[in-house]
Structure formats: C-alpha cells, structure tokens
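Working notes for the structure below.
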Amino acid sequence: MTRSLHELLTAHRLTPAQRRIASYLAERPRDAASLTSAELAEHAQVSQPSVTRFVALLGFDGYGEFRRYLRTATTEPVIECGGNKFQAAVDADLRNLAALRAQLADDTRLRAIAGRLMASVPLVVVGYRVSAAQAASFAYLATKIHPDVRLLTDSGSVLGDHLRHAHRCGARTLVMVALPRYPRESETALIQARSLGLRTLLITDRLVSALTPLADDVLSAGVASEFVFDSHAAVVSLSVALVEAMADAAGASARQRLEGFEDYAAEQDLFLRE
C-alpha cells in the first residue's frame, strides 16, 4: 500500500531546512503538487539542493516521481463554504475532519502506536494550558481500557519527580498533547522524558513544529482558528480513534474492564437514565 503523505513526513528525523519543506507540504499539499523543485524551494524558503536531498530522504528516485506521488496522494475533499462567520468556522472543522479521515485510510501506524501505549504500564499523559483539557479527555477514556494512566498537567520541578516515579514503576511511553499556542513546558517535558528513555507520542495540530523533532511518534489533526479561540474538533476525533485502536489492541482485557465499569456505574447509579 502506498504510504500516506502524513506517514512519509513523520518517518524521518528532519533538519531545520527539511522541516520547512515538510511544513509547506503538510499545509499546502495540493499546491505543492503543481510546483517545480525550484518553486517548492522558493515557497519553503530553502535551497533547491535541500529539496533534492529531502525527496531522496523520503525514498523517491527524483523530484518528478515525488510530484507524481503528490498528485495521487492529495485528494482533499471539497467542503462547501460561505454563510456567516459561525458557519465558516464549522466549514473549517469539516475540512480538518475530512483531512483526518483521509489520513486514517491506512490505520497501520495508528494501530502500532496504540499497541505501544497499551504495553506501557503505567502510561503517562501530559498537557498544559489549553492542551490540558484534551489531555484530560484522552486520559479519562484511556483509563477505561488501560490499567494505569497517569495524567500530568502541573508544570515546574514536580514534573520531573512524577516522570521519574512513573519510569521506576514501569512506564515506557509518554503521551504529550500540545496544541497552539505551544507552552514552553511541553518542550521541557519531552526533553525530560527522552532523558529517561521514555518513548514519546506527540498529539498536535501540525506535522512539523518546534516540538515534533523531540517526539518519537507524531499524530496530527488540524485546528480551526476562525474564532477568537481555536476549535479542536478534529483533535478530539483523532484522540477517540486512538483510544479505539488501544481497545482493539487490548482485546478481551479491554472488554472486561469496560464491562466492569458498566457494572460499577449501574451499582452506584452514576448516570441519569435516558
């Protein structure tokens, strides 16, 4: 199966120049498909040899082959636009969701990441500022199928204490949720996790940013910025899809944990009857 553009761009450690190219490709894949190598270099503000080396790194024999790949790999659905500003914001969310849907056509990588998350006991989940809400939502759902999820949303020196303790208890993976604007604490947490030997998964809005070089795995979904505050609709869908893949990886144990929670919820009468 042909690898998706998302998978290609996250499969390698990139130099700063290559990150600029990858960022342009991730944000404007359809535009890039019509550009020459010199034009792509100009738009990405890098040299033409940088583009040539980047294409070779991705495994293509030349720029011509890479451009043919872009033309077949970028099939962005057309979303109706217009209306008032609230409708325009929903349109932006729909475009991000459509892009995420296309990205998940090949779920091999998502399932591999989910398997690693299930194998890490405990599993550390981190998020700061606006990202803390998304991290908490992911951690809440993951707890229903994972035996030990530890949510960290407090920064400062205490973070290192929590990470070292989790590592001593068997943690092998850290999930970082980092959405615009990226808190400086997110960078610190990723660096500390790497120093402990933890594998890091970054859930974010872009394939290429100041944080992506610090992560072992990157999952991204677009953020809509039409309002004063961003909409994270596609990020929520990505997080729920990841939890679903974790449940698939856990198999019978996930079903047992879910059934156990339902029994507990009924016994304690936790929820209103519909």
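Lettering and numbering for the structure tokens are positional, with chains as A, B, ... in the shown order, residues counted from 1 in each chain, and ligands counted from 1 in the shown order.
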
Checklist entry - Any idea what's packed within 6 Å of range 24-40 of chain A, counting only C-alpha atoms, ignoring anything in its chain fewer than 5 positions away? Could you give it as a list in words? => result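 What passes the distance filter is Gln48, Arg67, Leu70, Arg71 and Thr74 of chain A.
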
Keeping only C-alpha atoms, write the selected residues to a file as a PDB file, in the first residue's frame.
```
ATOM      1  CA  GLN A  48      16.914  23.741  -4.351  1.00  0.00           C
ATOM      2  CA  ARG A  67       5.462  15.172  -7.712  1.00  0.00           C
ATOM      3  CA  LEU A  70       1.769  14.136  -4.552  1.00  0.00           C
ATOM      4  CA  ARG A  71      -0.766  14.321  -7.376  1.00  0.00           C
ATOM      5  CA  THR A  74      -3.554  14.557  -2.187  1.00  0.00           C
TER       6      THR A  74
END
```

Item to check | In range 14-221 of chain A, DSSP strand (DSSP E) residues written as number ranges by chain | outcome: A: 123-127, 149-152, 173-178, 199-204, 217-220

Could you build a table of the residues in range 222-273 of chain A lying no more than 6 Å from range 107-115 of chain A, giving for each the nearest pair of atoms and their separation in Å rounded to one decimal place, using only C-alpha atoms, ordered by chain and ascending residue number, as CSV?
```
residue,atom,partner,partner_atom,distance
A:Ala245,CA,A:Arg111,CA,5.6
A:Met246,CA,A:Ala114,CA,4.7
A:Ala249,CA,A:Gly115,CA,5.5
```

Mind running range 30-123 of chain A against range 132-150 of chain A at 12 Å and telling me each contacting residue's nearest atom pair with the distance in Å (one decimal), counting only C-alpha atoms, chain and number ascending, as JSON lines?
```
{"residue": "A:Ala114", "atom": "CA", "partner": "A:Ala142", "partner_atom": "CA", "distance": 10.6}
{"residue": "A:Gly115", "atom": "CA", "partner": "A:His146", "partner_atom": "CA", "distance": 11.2}
{"residue": "A:Arg116", "atom": "CA", "partner": "A:His146", "partner_atom": "CA", "distance": 11.7}
{"residue": "A:Leu117", "atom": "CA", "partner": "A:His146", "partner_atom": "CA", "distance": 8.8}
{"residue": "A:Met118", "atom": "CA", "partner": "A:His146", "partner_atom": "CA", "distance": 6.5}
{"residue": "A:Ala119", "atom": "CA", "partner": "A:His146", "partner_atom": "CA", "distance": 9.3}
{"residue": "A:Ser120", "atom": "CA", "partner": "A:Asp148", "partner_atom": "CA", "distance": 8.8}
{"residue": "A:Val121", "atom": "CA", "partner": "A:Asp148", "partner_atom": "CA", "distance": 6.0}
{"residue": "A:Pro122", "atom": "CA", "partner": "A:Asp148", "partner_atom": "CA", "distance": 4.8}
{"residue": "A:Leu123", "atom": "CA", "partner": "A:Val149", "partner_atom": "CA", "distance": 4.8}
```

Next on the checklist: Please determine, counting only C-alpha atoms, which residue among A:Ala89, A:Leu242, A:Leu152, A:Val236 has the shortest atom-to-atom distance to Gly127 in chain A.
Outcome noted: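 When distances to Gly127 in chain A are compared using only C-alpha atoms, the smallest one comes from A:Leu152.
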
If you run DSSP on the backbone, which residues of range 53-269 of chain A are helix (DSSP H, G or I), as a compact mmCIF listing (two decimals) with N, CA, C and O atoms, in the first residue's frame?
```
# COMPACT_ATOMS: atom_id res chain seq x y z
N ARG A 53 17.63 16.75 -1.68
CA ARG A 53 18.02 15.83 -0.60
C ARG A 53 16.80 15.35 0.18
O ARG A 53 16.72 14.18 0.60
N PHE A 54 15.83 16.24 0.35
CA PHE A 54 14.62 15.88 1.08
C PHE A 54 13.84 14.79 0.34
O PHE A 54 13.39 13.81 0.95
N VAL A 55 13.68 14.95 -0.95
CA VAL A 55 12.96 13.96 -1.77
C VAL A 55 13.67 12.61 -1.72
O VAL A 55 13.03 11.56 -1.62
N ALA A 56 15.00 12.63 -1.79
CA ALA A 56 15.76 11.38 -1.71
C ALA A 56 15.59 10.73 -0.34
O ALA A 56 15.48 9.50 -0.23
N LEU A 57 15.55 11.54 0.72
CA LEU A 57 15.36 11.01 2.07
C LEU A 57 14.03 10.27 2.17
O LEU A 57 13.93 9.22 2.84
N TYR A 63 12.66 14.20 -8.25
CA TYR A 63 11.56 15.10 -7.94
C TYR A 63 10.33 14.79 -8.78
O TYR A 63 9.19 14.94 -8.32
N GLY A 64 10.56 14.36 -10.03
CA GLY A 64 9.43 14.02 -10.89
C GLY A 64 8.57 12.92 -10.29
O GLY A 64 7.34 12.99 -10.29
N GLU A 65 9.21 11.89 -9.76
CA GLU A 65 8.47 10.80 -9.13
C GLU A 65 7.73 11.30 -7.88
O GLU A 65 6.58 10.91 -7.62
N PHE A 66 8.39 12.16 -7.13
CA PHE A 66 7.77 12.70 -5.93
C PHE A 66 6.54 13.53 -6.28
O PHE A 66 5.50 13.43 -5.62
N ARG A 67 6.61 14.34 -7.33
CA ARG A 67 5.46 15.17 -7.71
C ARG A 67 4.31 14.31 -8.21
O ARG A 67 3.15 14.60 -7.92
N ARG A 68 4.61 13.21 -8.91
CA ARG A 68 3.54 12.30 -9.33
C ARG A 68 2.87 11.67 -8.12
O ARG A 68 1.65 11.48 -8.10
N TYR A 69 3.69 11.36 -7.12
CA TYR A 69 3.12 10.82 -5.88
C TYR A 69 2.18 11.84 -5.24
O TYR A 69 1.08 11.49 -4.79
N LEU A 70 2.61 13.11 -5.16
CA LEU A 70 1.77 14.14 -4.55
C LEU A 70 0.44 14.27 -5.28
O LEU A 70 -0.61 14.46 -4.65
N ARG A 71 0.47 14.16 -6.60
CA ARG A 71 -0.77 14.32 -7.38
C ARG A 71 -1.77 13.21 -7.10
O ARG A 71 -2.98 13.43 -7.17
N THR A 72 -1.29 12.03 -6.77
CA THR A 72 -2.20 10.91 -6.48
C THR A 72 -2.55 10.82 -5.00
O THR A 72 -3.60 10.29 -4.64
N ALA A 73 -1.67 11.34 -4.14
CA ALA A 73 -1.87 11.19 -2.70
C ALA A 73 -2.71 12.29 -2.08
O ALA A 73 -3.24 12.13 -0.98
N LYS A 85 -19.97 33.96 9.94
CA LYS A 85 -18.66 33.55 10.48
C LYS A 85 -18.76 32.25 11.29
O LYS A 85 -17.79 31.50 11.36
N PHE A 86 -19.92 31.98 11.85
CA PHE A 86 -20.07 30.75 12.61
C PHE A 86 -20.12 29.54 11.68
O PHE A 86 -19.53 28.49 11.97
N GLN A 87 -20.80 29.69 10.56
CA GLN A 87 -20.82 28.63 9.57
C GLN A 87 -19.44 28.42 8.96
O GLN A 87 -19.03 27.29 8.68
N ALA A 88 -18.71 29.52 8.74
CA ALA A 88 -17.36 29.41 8.19
C ALA A 88 -16.45 28.63 9.14
O ALA A 88 -15.59 27.86 8.70
N ALA A 89 -16.64 28.83 10.43
CA ALA A 89 -15.83 28.10 11.41
C ALA A 89 -16.15 26.60 11.38
O ALA A 89 -15.25 25.76 11.47
N VAL A 90 -17.43 26.27 11.21
CA VAL A 90 -17.81 24.86 11.09
C VAL A 90 -17.23 24.28 9.80
O VAL A 90 -16.77 23.13 9.77
N ASP A 91 -17.23 25.06 8.73
CA ASP A 91 -16.61 24.61 7.47
C ASP A 91 -15.14 24.26 7.69
O ASP A 91 -14.64 23.27 7.14
N ALA A 92 -14.44 25.08 8.46
CA ALA A 92 -13.03 24.81 8.74
C ALA A 92 -12.87 23.51 9.50
O ALA A 92 -11.96 22.71 9.22
N ASP A 93 -13.74 23.26 10.47
CA ASP A 93 -13.70 21.99 11.19
C ASP A 93 -13.96 20.82 10.25
O ASP A 93 -13.31 19.77 10.36
N LEU A 94 -14.91 20.99 9.34
CA LEU A 94 -15.23 19.91 8.40
C LEU A 94 -14.04 19.60 7.49
O LEU A 94 -13.76 18.44 7.18
N ARG A 95 -13.31 20.63 7.08
CA ARG A 95 -12.12 20.40 6.26
C ARG A 95 -11.07 19.62 7.05
O ARG A 95 -10.43 18.71 6.53
N ASN A 96 -10.89 20.00 8.31
CA ASN A 96 -9.91 19.28 9.14
C ASN A 96 -10.34 17.83 9.37
O ASN A 96 -9.51 16.92 9.36
N LEU A 97 -11.63 17.62 9.57
CA LEU A 97 -12.13 16.26 9.77
C LEU A 97 -12.00 15.43 8.50
O LEU A 97 -11.66 14.23 8.56
N ALA A 98 -12.25 16.05 7.35
CA ALA A 98 -12.09 15.34 6.08
C ALA A 98 -10.64 14.95 5.85
O ALA A 98 -10.33 13.84 5.38
N ALA A 99 -9.73 15.86 6.19
CA ALA A 99 -8.30 15.55 6.05
C ALA A 99 -7.89 14.42 7.00
O ALA A 99 -7.11 13.54 6.63
N LEU A 100 -8.44 14.44 8.21
CA LEU A 100 -8.15 13.36 9.16
C LEU A 100 -8.70 12.03 8.65
O LEU A 100 -8.04 10.99 8.76
N ARG A 101 -9.88 12.06 8.09
CA ARG A 101 -10.48 10.84 7.54
C ARG A 101 -9.58 10.23 6.47
O ARG A 101 -9.33 9.02 6.45
N ALA A 102 -9.08 11.09 5.58
CA ALA A 102 -8.18 10.60 4.53
C ALA A 102 -6.89 10.05 5.13
O ALA A 102 -6.37 9.02 4.67
N GLN A 103 -6.39 10.70 6.15
CA GLN A 103 -5.15 10.26 6.80
C GLN A 103 -5.31 8.88 7.42
O GLN A 103 -4.37 8.07 7.42
N THR A 108 -2.56 1.38 9.80
CA THR A 108 -1.46 0.54 10.30
C THR A 108 -0.65 1.26 11.37
O THR A 108 -0.36 0.70 12.44
N ARG A 109 -0.26 2.49 11.08
CA ARG A 109 0.59 3.24 12.01
C ARG A 109 -0.17 3.57 13.30
O ARG A 109 0.39 3.46 14.41
N LEU A 110 -1.42 3.96 13.18
CA LEU A 110 -2.22 4.27 14.37
C LEU A 110 -2.32 3.05 15.27
O LEU A 110 -2.17 3.16 16.50
N ARG A 111 -2.52 1.88 14.68
CA ARG A 111 -2.65 0.65 15.48
C ARG A 111 -1.31 0.27 16.13
O ARG A 111 -1.29 -0.23 17.27
N ALA A 112 -0.22 0.50 15.43
CA ALA A 112 1.09 0.20 16.01
C ALA A 112 1.35 1.09 17.23
O ALA A 112 1.85 0.62 18.27
N ILE A 113 1.02 2.37 17.11
CA ILE A 113 1.19 3.29 18.23
C ILE A 113 0.29 2.88 19.40
O ILE A 113 0.71 2.87 20.56
N ALA A 114 -0.95 2.52 19.09
CA ALA A 114 -1.90 2.11 20.14
C ALA A 114 -1.37 0.90 20.90
O ALA A 114 -1.51 0.81 22.13
N GLY A 115 -0.78 -0.04 20.18
CA GLY A 115 -0.21 -1.21 20.84
C GLY A 115 0.89 -0.85 21.80
O GLY A 115 0.99 -1.42 22.91
N ARG A 116 1.73 0.12 21.42
CA ARG A 116 2.81 0.55 22.32
C ARG A 116 2.25 1.25 23.55
O ARG A 116 2.79 1.12 24.66
N LEU A 117 1.16 1.99 23.39
CA LEU A 117 0.57 2.66 24.55
C LEU A 117 0.01 1.64 25.54
O LEU A 117 0.14 1.80 26.75
N MET A 118 -0.62 0.60 25.02
CA MET A 118 -1.16 -0.42 25.90
C MET A 118 -0.05 -1.19 26.62
O MET A 118 -0.24 -1.67 27.74
N ALA A 119 1.11 -1.29 25.98
CA ALA A 119 2.22 -2.04 26.58
C ALA A 119 2.95 -1.25 27.66
O ALA A 119 3.75 -1.82 28.41
N VAL A 130 -4.27 25.20 27.41
CA VAL A 130 -5.46 24.74 26.69
C VAL A 130 -5.37 23.26 26.34
O VAL A 130 -6.39 22.57 26.23
N SER A 131 -4.16 22.75 26.18
CA SER A 131 -3.97 21.34 25.84
C SER A 131 -4.30 20.42 27.01
O SER A 131 -4.51 19.22 26.83
N ALA A 132 -4.35 20.97 28.22
CA ALA A 132 -4.64 20.15 29.39
C ALA A 132 -6.02 19.53 29.29
O ALA A 132 -6.24 18.38 29.72
N ALA A 133 -6.97 20.26 28.72
CA ALA A 133 -8.33 19.73 28.59
C ALA A 133 -8.36 18.53 27.66
O ALA A 133 -9.02 17.52 27.95
N GLN A 134 -7.65 18.61 26.54
CA GLN A 134 -7.61 17.48 25.61
C GLN A 134 -6.85 16.30 26.20
O GLN A 134 -7.23 15.14 26.00
N ALA A 135 -5.78 16.59 26.94
CA ALA A 135 -5.02 15.52 27.59
C ALA A 135 -5.90 14.82 28.63
O ALA A 135 -5.89 13.59 28.74
N ALA A 136 -6.69 15.59 29.38
CA ALA A 136 -7.56 15.02 30.40
C ALA A 136 -8.64 14.15 29.77
O ALA A 136 -8.98 13.08 30.29
N SER A 137 -9.20 14.60 28.65
CA SER A 137 -10.22 13.83 27.96
C SER A 137 -9.67 12.50 27.46
O SER A 137 -10.28 11.44 27.64
N PHE A 138 -8.48 12.56 26.84
CA PHE A 138 -7.84 11.33 26.37
C PHE A 138 -7.55 10.39 27.53
O PHE A 138 -7.81 9.18 27.46
N ALA A 139 -6.99 10.93 28.61
CA ALA A 139 -6.64 10.11 29.76
C ALA A 139 -7.88 9.48 30.38
O ALA A 139 -7.86 8.31 30.80
N TYR A 140 -8.98 10.23 30.46
CA TYR A 140 -10.22 9.70 31.04
C TYR A 140 -10.72 8.50 30.25
O TYR A 140 -11.09 7.46 30.83
N LEU A 141 -10.73 8.62 28.93
CA LEU A 141 -11.19 7.50 28.10
C LEU A 141 -10.23 6.33 28.15
O LEU A 141 -10.64 5.17 28.25
N ALA A 142 -8.92 6.63 28.10
CA ALA A 142 -7.92 5.56 28.11
C ALA A 142 -7.98 4.76 29.40
O ALA A 142 -7.72 3.54 29.42
N THR A 143 -8.32 5.44 30.50
CA THR A 143 -8.39 4.75 31.80
C THR A 143 -9.43 3.64 31.79
O THR A 143 -9.30 2.66 32.54
N VAL A 158 8.16 19.70 39.85
CA VAL A 158 7.46 18.49 40.27
C VAL A 158 7.24 17.53 39.10
O VAL A 158 7.10 16.33 39.30
N LEU A 159 7.25 18.06 37.87
CA LEU A 159 7.07 17.19 36.70
C LEU A 159 8.15 16.11 36.66
O LEU A 159 7.85 14.93 36.43
N GLY A 160 9.40 16.52 36.89
CA GLY A 160 10.49 15.55 36.87
C GLY A 160 10.30 14.46 37.91
O GLY A 160 10.60 13.28 37.65
N ASP A 161 9.77 14.84 39.08
CA ASP A 161 9.50 13.84 40.12
C ASP A 161 8.49 12.81 39.63
O ASP A 161 8.68 11.60 39.81
N HIS A 162 7.41 13.29 39.03
CA HIS A 162 6.36 12.39 38.54
C HIS A 162 6.89 11.49 37.43
O HIS A 162 6.56 10.29 37.39
N LEU A 163 7.68 12.05 36.52
CA LEU A 163 8.19 11.25 35.41
C LEU A 163 9.13 10.16 35.91
O LEU A 163 9.06 9.00 35.46
N ARG A 164 10.03 10.51 36.81
CA ARG A 164 10.97 9.51 37.33
C ARG A 164 10.24 8.41 38.11
O ARG A 164 10.57 7.23 38.00
N HIS A 165 9.22 8.82 38.87
CA HIS A 165 8.46 7.81 39.62
C HIS A 165 7.73 6.87 38.66
O HIS A 165 7.74 5.64 38.85
N ALA A 166 7.09 7.43 37.63
CA ALA A 166 6.38 6.60 36.66
C ALA A 166 7.34 5.66 35.95
O ALA A 166 7.03 4.48 35.70
N HIS A 167 8.53 6.16 35.62
CA HIS A 167 9.53 5.33 34.95
C HIS A 167 9.97 4.18 35.85
O HIS A 167 10.10 3.04 35.40
N ARG A 168 10.18 4.46 37.13
CA ARG A 168 10.56 3.41 38.06
C ARG A 168 9.45 2.36 38.20
O ARG A 168 9.73 1.18 38.44
N ARG A 184 5.88 26.41 26.64
CA ARG A 184 7.30 26.06 26.76
C ARG A 184 7.49 24.82 27.63
O ARG A 184 8.43 24.05 27.43
N GLU A 185 6.57 24.61 28.58
CA GLU A 185 6.67 23.44 29.44
C GLU A 185 6.58 22.13 28.65
O GLU A 185 7.10 21.10 29.08
N SER A 186 5.88 22.16 27.51
CA SER A 186 5.76 20.95 26.69
C SER A 186 7.13 20.51 26.18
O SER A 186 7.45 19.31 26.17
N GLU A 187 7.93 21.47 25.76
CA GLU A 187 9.28 21.16 25.30
C GLU A 187 10.11 20.56 26.44
O GLU A 187 10.80 19.54 26.24
N THR A 188 10.00 21.16 27.62
CA THR A 188 10.75 20.65 28.77
C THR A 188 10.36 19.22 29.10
O THR A 188 11.21 18.37 29.38
N ALA A 189 9.06 18.93 29.07
CA ALA A 189 8.58 17.59 29.40
C ALA A 189 9.08 16.56 28.40
O ALA A 189 9.48 15.45 28.78
N LEU A 190 9.05 16.89 27.12
CA LEU A 190 9.53 15.96 26.10
C LEU A 190 11.02 15.68 26.27
O LEU A 190 11.48 14.55 26.11
N ILE A 191 11.78 16.72 26.58
CA ILE A 191 13.23 16.55 26.78
C ILE A 191 13.50 15.67 28.00
O ILE A 191 14.34 14.77 27.96
N GLN A 192 12.78 15.92 29.09
CA GLN A 192 12.98 15.11 30.30
C GLN A 192 12.58 13.66 30.06
O GLN A 192 13.25 12.73 30.53
N ALA A 193 11.49 13.46 29.33
CA ALA A 193 11.05 12.09 29.03
C ALA A 193 12.10 11.35 28.22
O ALA A 193 12.40 10.18 28.48
N ARG A 194 12.66 12.02 27.24
CA ARG A 194 13.69 11.39 26.41
C ARG A 194 14.93 11.06 27.25
O ARG A 194 15.56 10.01 27.06
N SER A 195 15.29 11.93 28.18
CA SER A 195 16.47 11.67 29.01
C SER A 195 16.29 10.44 29.88
O SER A 195 17.26 9.78 30.26
N LEU A 196 15.02 10.10 30.19
CA LEU A 196 14.74 8.91 30.99
C LEU A 196 14.62 7.65 30.14
O LEU A 196 14.49 6.55 30.67
N THR A 212 7.98 18.78 17.23
CA THR A 212 7.98 17.47 16.57
C THR A 212 9.35 16.79 16.55
O THR A 212 9.40 15.56 16.64
N PRO A 213 10.48 17.52 16.44
CA PRO A 213 11.77 16.81 16.47
C PRO A 213 12.05 16.12 17.81
O PRO A 213 12.91 15.23 17.87
N LEU A 214 11.34 16.52 18.85
CA LEU A 214 11.58 15.96 20.18
C LEU A 214 10.75 14.70 20.43
O LEU A 214 10.91 14.06 21.47
N ALA A 233 -11.97 20.25 17.16
CA ALA A 233 -12.88 19.16 16.80
C ALA A 233 -12.14 17.97 16.21
O ALA A 233 -12.39 16.81 16.59
N ALA A 234 -11.23 18.20 15.28
CA ALA A 234 -10.52 17.09 14.64
C ALA A 234 -9.55 16.42 15.61
O ALA A 234 -9.34 15.20 15.53
N VAL A 235 -8.98 17.19 16.51
CA VAL A 235 -8.07 16.60 17.51
C VAL A 235 -8.85 15.66 18.43
O VAL A 235 -8.36 14.59 18.80
N VAL A 236 -10.07 16.05 18.80
CA VAL A 236 -10.91 15.18 19.62
C VAL A 236 -11.18 13.87 18.89
O VAL A 236 -11.07 12.78 19.46
N SER A 237 -11.52 13.95 17.60
CA SER A 237 -11.79 12.74 16.81
C SER A 237 -10.55 11.86 16.73
O SER A 237 -10.64 10.62 16.82
N LEU A 238 -9.39 12.47 16.55
CA LEU A 238 -8.14 11.70 16.50
C LEU A 238 -7.89 10.99 17.82
O LEU A 238 -7.51 9.81 17.85
N SER A 239 -8.10 11.68 18.93
CA SER A 239 -7.88 11.09 20.25
C SER A 239 -8.81 9.91 20.49
O SER A 239 -8.39 8.87 21.01
N VAL A 240 -10.08 10.07 20.11
CA VAL A 240 -11.04 8.98 20.30
C VAL A 240 -10.68 7.80 19.41
O VAL A 240 -10.79 6.64 19.82
N ALA A 241 -10.22 8.07 18.19
CA ALA A 241 -9.78 7.00 17.30
C ALA A 241 -8.60 6.24 17.89
O ALA A 241 -8.52 5.01 17.79
N LEU A 242 -7.68 6.97 18.52
CA LEU A 242 -6.53 6.33 19.15
C LEU A 242 -6.97 5.43 20.30
O LEU A 242 -6.46 4.32 20.46
N VAL A 243 -7.91 5.89 21.11
CA VAL A 243 -8.41 5.06 22.21
C VAL A 243 -9.10 3.82 21.66
O VAL A 243 -8.96 2.72 22.21
N GLU A 244 -9.84 3.97 20.58
CA GLU A 244 -10.49 2.81 19.95
C GLU A 244 -9.44 1.79 19.50
O GLU A 244 -9.61 0.58 19.70
N ALA A 245 -8.36 2.28 18.90
CA ALA A 245 -7.28 1.38 18.47
C ALA A 245 -6.62 0.72 19.68
O ALA A 245 -6.20 -0.45 19.61
N MET A 246 -6.52 1.44 20.79
CA MET A 246 -5.99 0.85 22.02
C MET A 246 -6.89 -0.28 22.52
O MET A 246 -6.42 -1.32 22.96
N ALA A 247 -8.20 -0.05 22.45
CA ALA A 247 -9.14 -1.08 22.86
C ALA A 247 -9.01 -2.32 21.98
O ALA A 247 -9.05 -3.45 22.47
N ASP A 248 -8.83 -2.11 20.68
CA ASP A 248 -8.64 -3.24 19.77
C ASP A 248 -7.36 -4.01 20.14
O ASP A 248 -7.33 -5.24 20.13
N ALA A 249 -6.31 -3.25 20.47
CA ALA A 249 -5.04 -3.89 20.82
C ALA A 249 -5.16 -4.68 22.12
O ALA A 249 -4.55 -5.74 22.27
N ALA A 250 -5.95 -4.18 23.06
CA ALA A 250 -6.10 -4.86 24.36
C ALA A 250 -6.99 -6.09 24.26
O ALA A 250 -6.85 -7.02 25.07
N ALA A 252 -9.61 -8.82 24.77
CA ALA A 252 -10.51 -9.28 25.82
C ALA A 252 -10.35 -8.49 27.12
O ALA A 252 -11.33 -8.23 27.82
N SER A 253 -9.13 -8.09 27.43
CA SER A 253 -8.92 -7.35 28.68
C SER A 253 -9.64 -6.01 28.66
O SER A 253 -10.16 -5.55 29.69
N ALA A 254 -9.69 -5.35 27.49
CA ALA A 254 -10.41 -4.09 27.37
C ALA A 254 -11.91 -4.32 27.58
O ALA A 254 -12.58 -3.54 28.27
N ARG A 255 -12.42 -5.38 26.99
CA ARG A 255 -13.85 -5.67 27.15
C ARG A 255 -14.19 -5.94 28.61
O ARG A 255 -15.22 -5.49 29.12
N GLN A 256 -13.32 -6.65 29.29
CA GLN A 256 -13.55 -6.95 30.70
C GLN A 256 -13.54 -5.68 31.55
O GLN A 256 -14.37 -5.50 32.44
N ARG A 257 -12.61 -4.77 31.26
CA ARG A 257 -12.54 -3.52 32.01
C ARG A 257 -13.78 -2.67 31.74
O ARG A 257 -14.34 -2.06 32.66
N LEU A 258 -14.23 -2.62 30.48
CA LEU A 258 -15.42 -1.84 30.15
C LEU A 258 -16.66 -2.43 30.82
O LEU A 258 -17.50 -1.70 31.35
N GLU A 259 -16.77 -3.74 30.79
CA GLU A 259 -17.92 -4.39 31.43
C GLU A 259 -17.88 -4.17 32.94
O GLU A 259 -18.93 -3.93 33.57
N GLY A 260 -16.69 -4.21 33.52
CA GLY A 260 -16.55 -3.95 34.95
C GLY A 260 -16.99 -2.55 35.30
O GLY A 260 -17.66 -2.33 36.33
N PHE A 261 -16.63 -1.58 34.47
CA PHE A 261 -17.05 -0.20 34.73
C PHE A 261 -18.55 -0.06 34.63
O PHE A 261 -19.18 0.65 35.44
N GLU A 262 -19.16 -0.71 33.63
CA GLU A 262 -20.60 -0.61 33.47
C GLU A 262 -21.32 -1.20 34.68
O GLU A 262 -22.34 -0.66 35.14
N ASP A 263 -20.80 -2.31 35.18
CA ASP A 263 -21.39 -2.91 36.39
C ASP A 263 -21.28 -1.94 37.57
O ASP A 263 -22.23 -1.76 38.34
N TYR A 264 -20.10 -1.33 37.71
CA TYR A 264 -19.89 -0.38 38.80
C TYR A 264 -20.81 0.84 38.65
O TYR A 264 -21.41 1.31 39.62
N ALA A 265 -20.93 1.35 37.42
CA ALA A 265 -21.77 2.52 37.18
C ALA A 265 -23.23 2.23 37.51
O ALA A 265 -23.94 3.08 38.08
N ALA A 266 -23.69 1.02 37.17
CA ALA A 266 -25.07 0.65 37.49
C ALA A 266 -25.27 0.51 38.99
O ALA A 266 -26.27 0.97 39.56
N GLU A 267 -24.28 -0.09 39.65
CA GLU A 267 -24.38 -0.29 41.10
C GLU A 267 -24.41 1.03 41.85
O GLU A 267 -25.17 1.20 42.82
N GLN A 268 -23.59 1.98 41.39
CA GLN A 268 -23.50 3.27 42.07
C GLN A 268 -24.52 4.30 41.53
O GLN A 268 -24.58 5.42 42.04
```

Checklist entry - Which distance in Å separates CA of Leu151 in chain A and CA of Val124 in chain A, to one decimal? => result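 We find that CA of Leu151 in chain A and CA of Val124 in chain A lie 6.1 Å from each other.
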
Next on the checklist: With distances taken over only C-alpha atoms, which residue among A:Ser225, A:Ser155, A:Ser47, A:Ser231 lies nearest Arg129 in chain A?
Outcome noted: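 Closest residue, counting only C-alpha atoms: A:Ser155.
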